[in-house]
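*Asks:* One file: data.cif (mmCIF, C-alpha atoms and all ligand atoms).
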```
data_input
#
loop_
_atom_site.label_atom_id
_atom_site.label_comp_id
_atom_site.auth_asym_id
_atom_site.auth_seq_id
_atom_site.Cartn_x
_atom_site.Cartn_y
_atom_site.Cartn_z
CA MET H 1 0.00 0.00 0.00
CA PHE H 2 1.24 3.55 -0.77
CA GLY H 3 0.54 6.62 1.34
CA LEU H 4 0.56 10.35 0.85
CA ILE H 5 1.03 12.83 3.70
CA GLY H 6 -0.09 16.33 2.73
CA HIS H 7 -1.17 19.66 4.16
CA SER H 8 -3.09 22.78 3.13
CA THR H 9 -1.31 25.81 1.65
CA SER H 10 -2.58 28.19 4.36
CA PHE H 11 -4.64 28.28 7.56
CA LYS H 12 -7.47 30.02 5.73
CA ASP H 13 -7.49 27.32 3.08
CA ALA H 14 -7.39 24.53 5.66
CA ARG H 15 -10.40 25.98 7.49
CA ARG H 16 -12.36 26.27 4.26
CA LYS H 17 -11.58 22.65 3.35
CA ALA H 18 -12.44 21.38 6.83
CA MET H 19 -15.81 23.14 6.54
CA GLU H 20 -16.41 21.51 3.13
CA LEU H 21 -15.61 18.09 4.59
CA GLY H 22 -18.05 18.63 7.45
CA PHE H 23 -15.46 19.04 10.25
CA ASP H 24 -17.16 22.25 11.40
CA HIS H 25 -15.91 22.05 15.01
CA ILE H 26 -12.28 22.05 13.80
CA ALA H 27 -12.90 24.58 11.02
CA GLU H 28 -14.17 27.14 13.49
CA GLY H 29 -11.18 26.76 15.82
CA ASP H 30 -8.28 29.24 15.88
CA LEU H 31 -4.66 28.36 15.05
CA ASP H 32 -4.07 27.10 18.61
CA VAL H 33 -6.92 24.60 18.18
CA TRP H 34 -5.47 23.49 14.86
CA CYS H 35 -2.07 23.02 16.46
CA THR H 36 -3.54 20.28 18.65
CA ALA H 37 -5.55 18.56 15.87
CA PRO H 38 -4.33 15.00 15.14
CA PRO H 39 -3.59 13.79 11.58
CA GLN H 40 -6.54 12.42 9.64
CA LEU H 41 -6.62 9.50 7.23
CA VAL H 42 -8.96 11.17 4.78
CA GLU H 43 -9.28 8.67 1.96
CA HIS H 44 -8.47 5.18 0.64
CA VAL H 45 -8.02 4.56 -3.09
CA ASN H 46 -7.31 1.74 -5.59
CA VAL H 47 -5.24 2.49 -8.68
CA VAL H 48 -4.31 0.44 -11.78
CA SER H 49 -1.26 1.54 -13.78
CA ALA H 50 -0.98 1.84 -17.56
CA ILE H 51 0.66 -1.63 -17.61
CA GLY H 52 -1.99 -3.18 -15.38
CA LYS H 53 -0.28 -3.12 -11.95
CA LYS H 54 -2.88 -2.79 -9.16
CA ILE H 55 -2.15 -0.97 -5.92
CA GLU H 56 -4.04 0.59 -3.06
CA GLY H 57 -3.24 3.72 -1.12
CA ALA H 58 -4.35 6.24 1.46
CA TYR H 59 -4.16 10.02 1.92
CA ILE H 60 -3.29 11.42 5.34
CA ASP H 61 -3.75 15.13 6.10
CA SER H 62 -1.13 16.10 8.67
CA CYS H 63 -3.30 19.06 9.81
CA PHE H 64 -0.14 21.19 9.47
CA VAL H 65 -0.35 24.63 7.83
CA PRO H 66 2.62 26.87 6.87
CA GLU H 67 1.60 29.38 9.58
CA MET H 68 2.84 26.76 12.09
CA LEU H 69 6.40 26.79 10.74
CA SER H 70 7.59 29.16 13.44
CA ARG H 71 6.17 26.84 16.13
CA PHE H 72 8.96 24.29 16.13
CA LYS H 73 7.38 21.79 18.53
CA THR H 74 4.02 21.87 16.76
CA ALA H 75 5.52 21.41 13.30
CA ARG H 76 7.65 18.52 14.55
CA ARG H 77 4.68 16.86 16.26
CA LYS H 78 2.46 17.22 13.19
CA VAL H 79 4.94 15.47 10.91
CA LEU H 80 5.85 12.70 13.35
CA ASN H 81 2.20 11.99 14.21
CA ALA H 82 1.30 11.74 10.53
CA MET H 83 4.22 9.35 9.95
CA GLU H 84 3.19 7.27 12.95
CA LEU H 85 -0.36 7.03 11.58
CA ALA H 86 0.93 5.96 8.16
CA GLN H 87 3.08 3.24 9.69
CA LYS H 88 0.31 2.02 12.03
CA LYS H 89 -1.99 1.68 9.02
CA GLY H 90 0.54 -0.70 7.47
CA ILE H 91 1.47 1.58 4.56
CA ASN H 92 4.63 0.35 2.82
CA ILE H 93 5.80 3.56 1.22
CA THR H 94 4.55 7.04 2.08
CA ALA H 95 5.49 10.34 0.42
CA LEU H 96 6.16 13.30 2.71
CA GLY H 97 4.46 16.06 0.70
CA GLY H 98 5.12 19.83 0.67
CA PHE H 99 6.60 21.17 3.89
CA THR H 100 6.48 17.85 5.74
CA SER H 101 9.75 16.64 4.20
CA ILE H 102 11.34 20.08 4.72
CA ILE H 103 10.36 20.03 8.40
CA PHE H 104 11.68 16.48 8.66
CA GLU H 105 15.07 17.53 7.34
CA ASN H 106 15.43 21.02 8.74
CA PHE H 107 14.24 20.09 12.23
CA ASN H 108 16.41 16.95 12.18
CA LEU H 109 13.57 14.55 12.91
CA LEU H 110 15.87 11.59 12.28
CA GLN H 111 16.56 11.87 15.99
CA ASN H 112 12.90 11.21 16.77
CA LYS H 113 12.49 7.61 15.71
CA GLN H 114 10.28 6.75 18.67
CA VAL H 115 6.74 8.16 18.59
CA ARG H 116 4.87 6.88 21.65
CA ASN H 117 4.98 3.06 21.23
CA THR H 118 5.84 3.17 17.51
CA THR H 119 9.43 2.97 16.28
CA LEU H 120 9.38 4.70 12.92
CA ASN H 121 10.93 2.71 10.11
CA TRP H 122 12.49 5.28 7.75
CA GLU H 123 12.46 2.79 4.87
CA ARG H 124 8.69 3.27 4.70
CA PHE H 125 8.98 6.96 3.75
CA THR H 126 10.23 8.98 0.81
CA THR H 127 10.39 12.73 0.24
CA GLY H 128 9.40 12.18 -3.41
CA ASN H 129 11.99 14.77 -4.40
CA THR H 130 13.76 12.63 -7.04
CA HIS H 131 10.60 12.37 -9.12
CA THR H 132 9.76 16.03 -8.52
CA ALA H 133 13.19 17.10 -9.79
CA TRP H 134 12.93 14.82 -12.83
CA VAL H 135 9.44 16.13 -13.68
CA ILE H 136 10.56 19.77 -13.43
CA CYS H 137 13.50 19.10 -15.77
CA ARG H 138 11.22 17.35 -18.24
CA GLN H 139 8.75 20.24 -18.08
CA LEU H 140 11.60 22.61 -18.86
CA GLU H 141 12.91 20.57 -21.81
CA LYS H 142 9.46 20.04 -23.36
CA ASN H 143 7.84 23.42 -22.77
CA ALA H 144 10.66 25.89 -23.42
CA PRO H 145 10.65 25.21 -27.20
CA LEU H 146 6.85 25.77 -27.24
CA VAL H 147 7.41 29.40 -26.21
CA GLY H 148 10.37 29.97 -28.52
CA ILE H 149 13.21 29.19 -26.09
CA ASP H 150 15.94 26.70 -27.02
CA PRO H 151 16.90 25.03 -23.71
CA LYS H 152 20.49 24.47 -24.86
CA LYS H 153 20.95 28.19 -25.57
CA SER H 154 19.12 29.39 -22.49
CA LYS H 155 20.21 30.88 -19.19
CA VAL H 156 18.27 29.16 -16.42
CA ALA H 157 17.90 30.70 -12.96
CA VAL H 158 17.22 28.11 -10.26
CA VAL H 159 15.72 29.84 -7.22
CA GLY H 160 16.35 27.50 -4.29
CA ALA H 161 19.36 26.03 -6.14
CA THR H 162 20.97 24.61 -2.99
CA GLY H 163 17.82 22.76 -1.88
CA ASP H 164 17.23 19.07 -2.37
CA ILE H 165 15.13 19.55 -5.51
CA GLY H 166 17.04 22.61 -6.72
CA SER H 167 20.44 20.94 -6.57
CA ALA H 168 19.12 17.88 -8.44
CA VAL H 169 17.63 20.16 -11.10
CA CYS H 170 20.99 21.94 -11.43
CA ARG H 171 22.80 18.59 -11.80
CA TRP H 172 20.43 17.49 -14.56
CA LEU H 173 20.49 20.83 -16.41
CA SER H 174 24.26 20.87 -16.31
CA ASN H 175 24.88 17.22 -17.27
CA ARG H 176 21.87 16.16 -19.32
CA THR H 177 20.02 19.14 -20.81
CA GLY H 178 23.24 21.08 -21.34
CA VAL H 179 21.81 24.60 -20.87
CA ALA H 180 24.00 27.62 -21.72
CA GLU H 181 24.31 28.80 -18.11
CA ILE H 182 22.76 28.13 -14.72
CA LEU H 183 22.18 31.11 -12.42
CA LEU H 184 22.31 29.88 -8.83
CA VAL H 185 19.99 31.70 -6.40
CA ALA H 186 19.52 31.12 -2.64
CA ARG H 187 20.18 33.16 0.50
CA GLN H 188 23.14 31.38 2.12
CA GLN H 189 26.43 31.80 0.30
CA GLN H 190 28.47 28.77 1.43
CA PRO H 191 26.07 26.10 0.09
CA LEU H 192 25.96 28.06 -3.19
CA ILE H 193 29.76 28.01 -3.41
CA ASP H 194 29.78 24.26 -2.65
CA LEU H 195 27.19 23.62 -5.35
CA GLN H 196 29.11 25.71 -7.86
CA LYS H 197 32.19 23.57 -7.14
CA GLU H 198 30.22 20.35 -7.58
CA LEU H 199 28.72 21.52 -10.87
CA GLN H 200 32.03 23.01 -12.01
CA GLY H 201 29.99 25.93 -13.28
CA GLY H 202 27.01 28.15 -12.67
CA ARG H 203 26.97 31.79 -11.56
CA ILE H 204 25.89 32.84 -8.07
CA LEU H 205 23.51 35.81 -8.21
CA SER H 206 20.85 37.46 -6.10
CA LEU H 207 17.27 37.08 -7.27
CA GLU H 208 17.21 40.71 -8.44
CA GLU H 209 20.37 40.17 -10.50
CA ALA H 210 19.29 36.82 -11.93
CA LEU H 211 15.75 37.61 -13.12
CA PRO H 212 16.59 40.14 -15.89
CA GLU H 213 19.06 37.63 -17.39
CA ALA H 214 17.01 34.43 -17.13
CA ASP H 215 15.23 32.96 -20.16
CA ILE H 216 13.87 30.29 -17.84
CA VAL H 217 13.32 30.45 -14.07
CA VAL H 218 12.84 27.32 -11.99
CA TRP H 219 11.26 28.20 -8.63
CA VAL H 220 11.98 25.60 -5.97
CA ALA H 221 12.50 27.75 -2.87
CA SER H 222 10.86 26.71 0.39
CA MET H 223 8.98 29.96 0.98
CA PRO H 224 5.88 29.99 3.20
CA LYS H 225 4.24 32.72 1.07
CA ASN H 226 4.38 33.59 -2.62
CA LEU H 227 6.30 36.52 -4.13
CA GLU H 228 5.28 39.36 -6.40
CA ILE H 229 7.92 40.31 -8.92
CA ASP H 230 8.23 43.07 -11.50
CA SER H 231 7.51 41.40 -14.85
CA SER H 232 8.75 44.43 -16.82
CA LYS H 233 12.32 43.50 -15.81
CA LEU H 234 12.16 40.00 -17.33
CA PRO H 235 13.35 38.90 -20.78
CA ASN H 236 10.66 38.28 -23.40
CA PRO H 237 9.93 35.37 -23.82
CA CYS H 238 10.46 33.96 -20.37
CA LEU H 239 9.34 30.59 -19.01
CA MET H 240 8.76 30.27 -15.27
CA ILE H 241 8.32 26.84 -13.74
CA ASP H 242 6.91 27.20 -10.27
CA GLY H 243 7.62 24.00 -8.32
CA GLY H 244 7.05 25.48 -4.87
CA TYR H 245 4.32 24.41 -2.48
CA PRO H 246 2.86 26.82 -1.50
CA LYS H 247 3.53 28.37 -4.91
CA ASN H 248 6.56 30.66 -5.01
CA LEU H 249 4.87 33.06 -7.43
CA ASP H 250 1.72 35.08 -7.24
CA GLU H 251 -0.73 33.39 -9.61
CA ARG H 252 -1.91 36.62 -11.23
CA PHE H 253 1.52 37.00 -12.63
CA SER H 254 1.52 36.04 -16.38
CA GLY H 255 1.23 37.50 -19.91
CA ASN H 256 3.40 39.68 -22.24
CA GLY H 257 5.81 36.91 -23.22
CA LEU H 258 5.82 35.53 -19.70
CA HIS H 259 4.71 31.90 -19.42
CA VAL H 260 4.09 30.43 -15.98
CA LEU H 261 3.92 26.66 -15.69
CA LYS H 262 2.79 24.67 -12.67
CA GLY H 263 5.98 22.85 -11.76
CA GLY H 264 6.31 19.40 -10.24
CA ILE H 265 2.80 18.34 -11.22
CA VAL H 266 2.01 15.15 -13.13
CA GLU H 267 -1.07 13.75 -14.75
CA PHE H 268 -2.09 10.08 -14.62
CA PHE H 269 -3.28 8.51 -17.89
CA GLU H 270 -6.86 8.09 -16.61
CA ASP H 271 -9.15 9.33 -13.86
CA ILE H 272 -8.30 7.80 -10.48
CA GLY H 273 -11.59 8.30 -8.65
CA TRP H 274 -10.22 10.05 -5.57
CA ASN H 275 -11.07 13.33 -3.88
CA MET H 276 -7.76 14.22 -2.30
CA MET H 277 -6.46 16.40 -5.12
CA GLN H 278 -9.63 18.51 -5.08
CA LEU H 279 -8.30 19.73 -1.77
CA ALA H 280 -5.02 20.63 -3.46
CA GLU H 281 -6.84 22.70 -6.11
CA MET H 282 -5.55 20.81 -9.14
CA GLU H 283 -7.09 21.81 -12.46
CA ARG H 284 -7.95 18.18 -13.22
CA PRO H 285 -8.08 16.71 -9.71
CA GLN H 286 -9.16 13.26 -10.87
CA ARG H 287 -5.79 12.69 -12.53
CA GLU H 288 -3.39 15.50 -11.60
CA MET H 289 -1.16 15.27 -8.52
CA PHE H 290 2.12 16.41 -7.00
CA ALA H 291 5.12 14.59 -8.42
CA CYS H 292 6.27 13.69 -4.89
CA PHE H 293 2.98 11.88 -4.26
CA ALA H 294 3.33 10.12 -7.60
CA GLU H 295 6.77 8.90 -6.48
CA ALA H 296 5.18 6.85 -3.68
CA MET H 297 2.71 5.39 -6.20
CA ILE H 298 5.49 4.56 -8.65
CA LEU H 299 7.57 2.88 -5.94
CA GLU H 300 4.53 0.82 -4.96
CA PHE H 301 3.83 -0.10 -8.60
CA GLU H 302 7.48 -1.21 -8.85
CA GLY H 303 7.36 -3.08 -5.51
CA CYS H 304 10.29 -0.90 -4.46
CA HIS H 305 9.67 -0.46 -0.73
CA THR H 306 12.53 1.75 0.28
CA ASN H 307 13.18 5.38 1.21
CA PHE H 308 14.15 6.15 -2.39
CA SER H 309 14.47 9.92 -1.83
CA TRP H 310 15.97 10.60 1.58
CA GLY H 311 18.22 13.18 3.23
CA ARG H 312 19.48 16.25 1.43
CA ASN H 313 21.44 16.55 -1.81
CA ASN H 314 21.56 12.79 -2.37
CA ILE H 315 19.63 12.80 -5.67
CA THR H 316 21.73 11.28 -8.45
CA LEU H 317 21.15 11.35 -12.20
CA GLU H 318 20.83 7.55 -12.13
CA LYS H 319 18.01 7.74 -9.59
CA MET H 320 16.29 10.41 -11.70
CA ASP H 321 16.59 8.12 -14.74
CA PHE H 322 15.09 5.18 -12.82
CA ILE H 323 12.11 7.07 -11.43
CA GLY H 324 11.53 8.92 -14.71
CA GLN H 325 11.39 5.74 -16.77
CA ALA H 326 9.09 4.06 -14.24
CA SER H 327 6.88 7.17 -14.20
CA LEU H 328 6.35 7.01 -17.96
CA ARG H 329 5.85 3.23 -17.92
CA HIS H 330 3.06 3.39 -15.35
CA GLY H 331 1.18 6.17 -17.13
CA PHE H 332 2.29 9.49 -15.63
CA SER H 333 3.13 12.54 -17.73
CA ALA H 334 4.41 15.98 -16.76
CA VAL H 335 1.79 18.71 -16.94
CA GLY H 336 2.50 21.21 -19.73
CA LEU H 337 1.61 24.83 -20.49
CA ASN H 338 -2.10 25.46 -21.07
CA SER H 339 -3.02 22.23 -19.34
CA ASN H 340 -6.66 23.33 -19.23
CA PRO H 341 -7.73 22.13 -21.78
CA PRO H 342 -5.19 19.38 -21.21
CA THR H 343 -1.94 19.33 -23.15
CA ALA H 344 0.15 17.10 -20.94
CA ILE H 345 3.44 16.22 -22.52
CA VAL H 346 4.84 12.71 -22.36
P1 LIG D 1 14.85 22.60 0.62
O1 LIG D 1 14.53 23.06 1.99
O2 LIG D 1 15.76 21.43 0.44
O3 LIG D 1 15.49 23.81 -0.21
C1 LIG D 1 14.93 25.08 -0.24
C2 LIG D 1 15.80 25.99 -1.07
O4 LIG D 1 15.18 27.27 -1.13
C3 LIG D 1 17.20 26.22 -0.49
O5 LIG D 1 18.10 26.40 -1.56
C4 LIG D 1 17.03 27.53 0.27
O6 LIG D 1 18.31 28.13 0.43
C5 LIG D 1 16.12 28.28 -0.72
N1 LIG D 1 15.33 29.38 -0.19
C6 LIG D 1 14.50 29.37 0.87
N2 LIG D 1 13.93 30.57 1.01
C7 LIG D 1 14.40 31.36 0.03
C8 LIG D 1 14.21 32.72 -0.35
N3 LIG D 1 13.39 33.52 0.35
N4 LIG D 1 14.86 33.18 -1.43
C9 LIG D 1 15.70 32.38 -2.15
N5 LIG D 1 15.93 31.10 -1.83
C10 LIG D 1 15.30 30.60 -0.76
O7 LIG D 1 13.44 22.35 -0.11
P2 LIG D 1 13.01 21.23 -1.19
O8 LIG D 1 14.02 21.23 -2.30
O9 LIG D 1 12.69 19.97 -0.51
O10 LIG D 1 11.61 21.85 -1.72
C11 LIG D 1 11.58 23.05 -2.47
C12 LIG D 1 10.13 23.47 -2.78
O11 LIG D 1 9.50 22.44 -3.55
C13 LIG D 1 9.23 23.67 -1.55
O12 LIG D 1 8.36 24.76 -1.79
C14 LIG D 1 8.43 22.39 -1.48
O13 LIG D 1 7.21 22.53 -0.79
C15 LIG D 1 8.23 22.10 -2.96
N6 LIG D 1 7.95 20.70 -3.23
C16 LIG D 1 7.12 20.39 -4.28
C17 LIG D 1 6.85 19.07 -4.58
C18 LIG D 1 5.93 18.68 -5.69
O14 LIG D 1 5.58 17.49 -5.77
N7 LIG D 1 5.52 19.58 -6.57
C19 LIG D 1 7.45 17.98 -3.81
C20 LIG D 1 8.32 18.40 -2.75
C21 LIG D 1 8.57 19.72 -2.49
P3 LIG D 1 18.55 29.30 1.52
O15 LIG D 1 17.94 28.82 2.79
O16 LIG D 1 20.05 29.42 1.55
O17 LIG D 1 17.90 30.50 0.96
#
```
Please express the file's structure as structure tokens.
Ligand code: NDP

*Replies:*
Amino acid sequence: MFGLIGHSTSFKDARRKAMELGFDHIAEGDLDVWCTAPPQLVEHVNVVSAIGKKIEGAYIDSCFVPEMLSRFKTARRKVLNAMELAQKKGINITALGGFTSIIFENFNLLQNKQVRNTTLNWERFTTGNTHTAWVICRQLEKNAPLVGIDPKKSKVAVVGATGDIGSAVCRWLSNRTGVAEILLVARQQQPLIDLQKELQGGRILSLEEALPEADIVVWVASMPKNLEIDSSKLPNPCLMIDGGYPKNLDERFSGNGLHVLKGGIVEFFEDIGWNMMQLAEMERPQREMFACFAEAMILEFEGCHTNFSWGRNNITLEKMDFIGQASLRHGFSAVGLNSNPPTAIV
């Protein structure tokens, strides 16, 4: 069985969804009430892949919201409790979606293996970041030419370059796509310098310096709120792939040669018959999902019960190849520009 641990993009959003699901008593509570809410197993689902593999899975809402990030103990408890629930339900491989994997890493939850009477088995969890990075790179390679940008001649800014997904994207762009130049953006300098050494290339710039030069921008920064940027300072055309959750960019931001693509989202080849992605506001919630969630499904389809994506900056090109090939084989495709009406690209 595969599992998905998710959360809402904001407290406001979480309350609205809880109301829709009939949990009025929780919906009406303030943030303190939400901080004490336990994780919920919201849904079970059966899925058959494009090559006929049958699996079952479950969606667990951690009841975490990004407004809790500053409350260290709460954030830690939310993630560990959701993981405990997944393990108690006998789920073989569970994806830690959105901020849950970031909290796991940044708050060093590896030290918290014991949750009440459950000893967490890390092999049962994956961040899903290998598949997310592969999907973002594929979206870049397939969609840039559609808006008149040749990936091999392009300068690509990676915002969040030193992160787990960002560094994997940089590795792929440098070794596989062969882009003209990678502009490395993050706040801390030393990890940027280390990454530049590893890549044997790339230019370290601030966001303000990078944007006017970038034909393509990959947004994979762990920001709790989205940004507004001045589109008049961007090249025309410009492709922006927003892989953040919550989104890194303000959604209103598009037009005049600027193309914004939902990054790290895949589409299954047929409707799945689940409700969980309605909560995540996918355009086609019956078949669209986060690439990290899809990674847990792919690993279950493959019978690969291991923490495939784990730790930070461990994503290799070989692992991206493996998960990418399996993704295509089982019927997933990366969402493309103008995906409504659907134009997913395989
Ligand atoms: P990490 O925590 O590993 O990396 C975050 C990166 O963002 C770091 O390079 C960090 O560097 C940088 N960063 C953070 N804040 C800022 C800022 N204000 N300006 C510039 N850079 C910043 O995160 P992940 O790689 O695991 O995840 C990245 C994003 O992808 C998150 O939003 C996450 O929710 C999303 N995600 C999406 C998935 C999907 O399926 N679509 C799956 C998993 C994650 P520094 O601190 O030095 O600035």

*Asks:* Would you mind listing, for every residue of chain H within 8 Å of ligand LIG 1 (chain D), the two atoms forming the shortest contact and the distance between them in Å to one decimal, using all atoms listed in the file, sorted by chain and ascending residue number, as a Markdown table?

*Replies:*
```
| residue | atom | partner | partner_atom | distance |
| --- | --- | --- | --- | --- |
| H:Leu96 | CA | D:LIG1 | C20 | 7.8 |
| H:Gly97 | CA | D:LIG1 | C20 | 5.7 |
| H:Gly98 | CA | D:LIG1 | O13 | 3.7 |
| H:Phe99 | CA | D:LIG1 | O13 | 4.9 |
| H:Ser101 | CA | D:LIG1 | O9 | 6.5 |
| H:Ile102 | CA | D:LIG1 | O1 | 5.1 |
| H:Glu105 | CA | D:LIG1 | O1 | 7.7 |
| H:Asn106 | CA | D:LIG1 | O1 | 7.1 |
| H:Thr127 | CA | D:LIG1 | C20 | 6.7 |
| H:Gly128 | CA | D:LIG1 | C19 | 6.1 |
| H:Asn129 | CA | D:LIG1 | C20 | 5.4 |
| H:His131 | CA | D:LIG1 | O14 | 7.9 |
| H:Thr132 | CA | D:LIG1 | O14 | 5.2 |
| H:Val159 | CA | D:LIG1 | N5 | 5.5 |
| H:Gly160 | CA | D:LIG1 | O4 | 3.4 |
| H:Ala161 | CA | D:LIG1 | O5 | 4.8 |
| H:Thr162 | CA | D:LIG1 | O5 | 3.7 |
| H:Gly163 | CA | D:LIG1 | O3 | 3.1 |
| H:Asp164 | CA | D:LIG1 | O8 | 3.9 |
| H:Ile165 | CA | D:LIG1 | O8 | 3.8 |
| H:Gly166 | CA | D:LIG1 | O8 | 5.5 |
| H:Ser167 | CA | D:LIG1 | O8 | 7.7 |
| H:Val185 | CA | D:LIG1 | C9 | 6.1 |
| H:Ala186 | CA | D:LIG1 | N5 | 3.7 |
| H:Arg187 | CA | D:LIG1 | O17 | 3.5 |
| H:Gln188 | CA | D:LIG1 | O16 | 3.7 |
| H:Gln189 | CA | D:LIG1 | O16 | 6.9 |
| H:Pro191 | CA | D:LIG1 | O16 | 7.0 |
| H:Leu192 | CA | D:LIG1 | O16 | 7.7 |
| H:Leu207 | CA | D:LIG1 | C9 | 7.1 |
| H:Trp219 | CA | D:LIG1 | C12 | 7.6 |
| H:Val220 | CA | D:LIG1 | C12 | 4.3 |
| H:Ala221 | CA | D:LIG1 | O4 | 3.2 |
| H:Ser222 | CA | D:LIG1 | O12 | 3.8 |
| H:Met223 | CA | D:LIG1 | N2 | 5.0 |
| H:Pro224 | CA | D:LIG1 | O12 | 7.6 |
| H:Gly243 | CA | D:LIG1 | N7 | 5.2 |
| H:Gly244 | CA | D:LIG1 | O12 | 3.4 |
| H:Tyr245 | CA | D:LIG1 | O13 | 3.8 |
| H:Pro246 | CA | D:LIG1 | O12 | 5.9 |
| H:Lys247 | CA | D:LIG1 | O12 | 6.8 |
| H:Asn248 | CA | D:LIG1 | O12 | 7.0 |
| H:Gly263 | CA | D:LIG1 | N7 | 6.2 |
| H:Gly264 | CA | D:LIG1 | N7 | 3.8 |
| H:Ile265 | CA | D:LIG1 | N7 | 5.5 |
| H:Met289 | CA | D:LIG1 | O14 | 7.6 |
| H:Phe290 | CA | D:LIG1 | O14 | 3.8 |
| H:Ala291 | CA | D:LIG1 | O14 | 4.0 |
| H:Cys292 | CA | D:LIG1 | O14 | 4.0 |
| H:Phe293 | CA | D:LIG1 | O14 | 6.4 |
| H:Ala294 | CA | D:LIG1 | O14 | 7.9 |
| H:Arg312 | CA | D:LIG1 | O2 | 6.5 |
| H:Asn313 | CA | D:LIG1 | O2 | 7.8 |
```

*Asks:* With distances taken over only C-alpha atoms, which of H:Leu4, H:Ser206, H:Lys88, H:Gln286 is nearest to Gly273 (chain H)?

*Replies:* H:Gln286

*Asks:* For Ser327 (chain H), which residue among H:Trp274, H:Phe23, H:Trp310, H:Trp134 is the nearest when counting all atoms listed in the file?

*Replies:*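 Between H:Trp274, H:Phe23, H:Trp310, H:Trp134, the residue approaching Ser327 (chain H) most closely is H:Trp134.
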
*Asks:* From the list H:Val135, H:Leu195, H:Val147, H:Leu183, which residue is nearest Ile323 (chain H) when using only C-alpha atoms?

*Replies:*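 Among the listed residues, the smallest separation from Ile323 (chain H) belongs to H:Val135.
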
*Asks:* Give me the residues near region 231-233 of chain H as number ranges by chain, where near means some atom within 12 Å (using all atoms listed in the file) and where sequence neighbours in that chain fewer than 5 positions away do not count.

*Replies:* H: 207-215, 238-240, 249-250, 252-260

*Asks:* Can you work out the spacing between CA of Gly303 (chain H) and CA of Leu328 (chain H) in Å, to one decimal?

*Replies:*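 A separation of 16.1 Å between them.
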
*Asks:* Considering all atoms listed in the file, state which residue in the set H:Lys78, H:Ile241, H:Asn275, H:Tyr59 is at the smallest distance from Lys142 (chain H).

*Replies:*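 Of all the options, H:Ile241 lies closest to Lys142 (chain H).
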
*Asks:* Using Å and a single decimal, report how far CA of Asp32 (chain H) sits from CA of Ser70 (chain H).

*Replies:*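 Separating CA of Ser70 (chain H) from CA of Asp32 (chain H) is a distance of 12.9 Å.
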
*Asks:* Which one of H:Ile315, H:Ala133, H:Val266, H:Ala296 sits closest to Met282 (chain H) if you count only C-alpha atoms?

*Replies:*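 So, comparing all the options, the nearest one is H:Val266.
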
*Asks:* Could you give me, as a Markdown table, a per-residue list for region 52-75 of chain H showing, wherever an atom lies at most 8 Å from an atom of region 35-47 of chain H, the closest pair of atoms and their distance in Å to one decimal, using all atoms listed in the file and sorting by chain then residue number from low to high?

*Replies:*
```
| residue | atom | partner | partner_atom | distance |
| --- | --- | --- | --- | --- |
| H:Lys54 | CA | H:Val47 | CA | 5.8 |
| H:Ile55 | CA | H:Val47 | CA | 5.4 |
| H:Glu56 | CA | H:Asn46 | CA | 4.3 |
| H:Gly57 | CA | H:Val45 | CA | 5.2 |
| H:Ala58 | CA | H:His44 | CA | 4.3 |
| H:Tyr59 | CA | H:Glu43 | CA | 5.3 |
| H:Ile60 | CA | H:Leu41 | CA | 4.3 |
| H:Asp61 | CA | H:Gln40 | CA | 5.3 |
| H:Ser62 | CA | H:Pro39 | CA | 4.5 |
| H:Cys63 | CA | H:Pro39 | CA | 5.6 |
| H:Phe64 | CA | H:Cys35 | CA | 7.5 |
| H:Met68 | CA | H:Cys35 | CA | 7.6 |
| H:Thr74 | CA | H:Cys35 | CA | 6.2 |
```

*Asks:* Could you tell me which of H:Asn338, H:Phe268, H:Cys137, H:Thr126 comes closest to Trp172 (chain H) if we count only C-alpha atoms?

*Replies:*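 Using only C-alpha atoms, Trp172 (chain H) sits closest to H:Cys137.
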
*Asks:* What does the structure give for the distance between CA of Asp242 (chain H) and CA of Leu31 (chain H), in Å to one decimal?

*Replies:*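 Distance between the two atoms: 27.9 Å.
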
*Asks:* Please provide as an mmCIF file with C-alpha atoms, keeping the file's coordinate frame all residues within 12 Å of Cys304 (chain H), with the sequence filter that same-chain residues fewer than 6 positions apart are discarded (counting only C-alpha atoms).

*Replies:*
```cif
data_model
loop_
_atom_site.group_PDB
_atom_site.id
_atom_site.type_symbol
_atom_site.label_atom_id
_atom_site.label_comp_id
_atom_site.auth_asym_id
_atom_site.auth_seq_id
_atom_site.Cartn_x
_atom_site.Cartn_y
_atom_site.Cartn_z
ATOM 1 C CA MET H 1 0.000 0.000 0.000
ATOM 2 C CA PHE H 2 1.240 3.550 -0.770
ATOM 3 C CA ASN H 92 4.630 0.350 2.820
ATOM 4 C CA ILE H 93 5.800 3.560 1.220
ATOM 5 C CA THR H 94 4.550 7.040 2.080
ATOM 6 C CA GLU H 123 12.460 2.790 4.870
ATOM 7 C CA ARG H 124 8.690 3.270 4.700
ATOM 8 C CA PHE H 125 8.980 6.960 3.750
ATOM 9 C CA THR H 126 10.230 8.980 0.810
ATOM 10 C CA GLU H 295 6.770 8.900 -6.480
ATOM 11 C CA ALA H 296 5.180 6.850 -3.680
ATOM 12 C CA MET H 297 2.710 5.390 -6.200
ATOM 13 C CA ILE H 298 5.490 4.560 -8.650
ATOM 14 C CA PHE H 322 15.090 5.180 -12.820
ATOM 15 C CA ILE H 323 12.110 7.070 -11.430
ATOM 16 C CA ALA H 326 9.090 4.060 -14.240
#
```

*Asks:* List every protein, DNA or RNA residue with an atom no more than 12 Å from (10.6, 24.0, 16.6) in the file's coordinates, counting all atoms listed in the file, and format the result as an NGL selection string.

*Replies:* :H and (68-79 or 103-104 or 106-109)

*Asks:* Write out as an MDAnalysis selection string the residues lying within 12 Å of Leu120 (chain H), counting all atoms listed in the file and excluding same-chain residues fewer than 5 positions away.

*Replies:* chainID H and resid 79:88 90:92 109:115 125
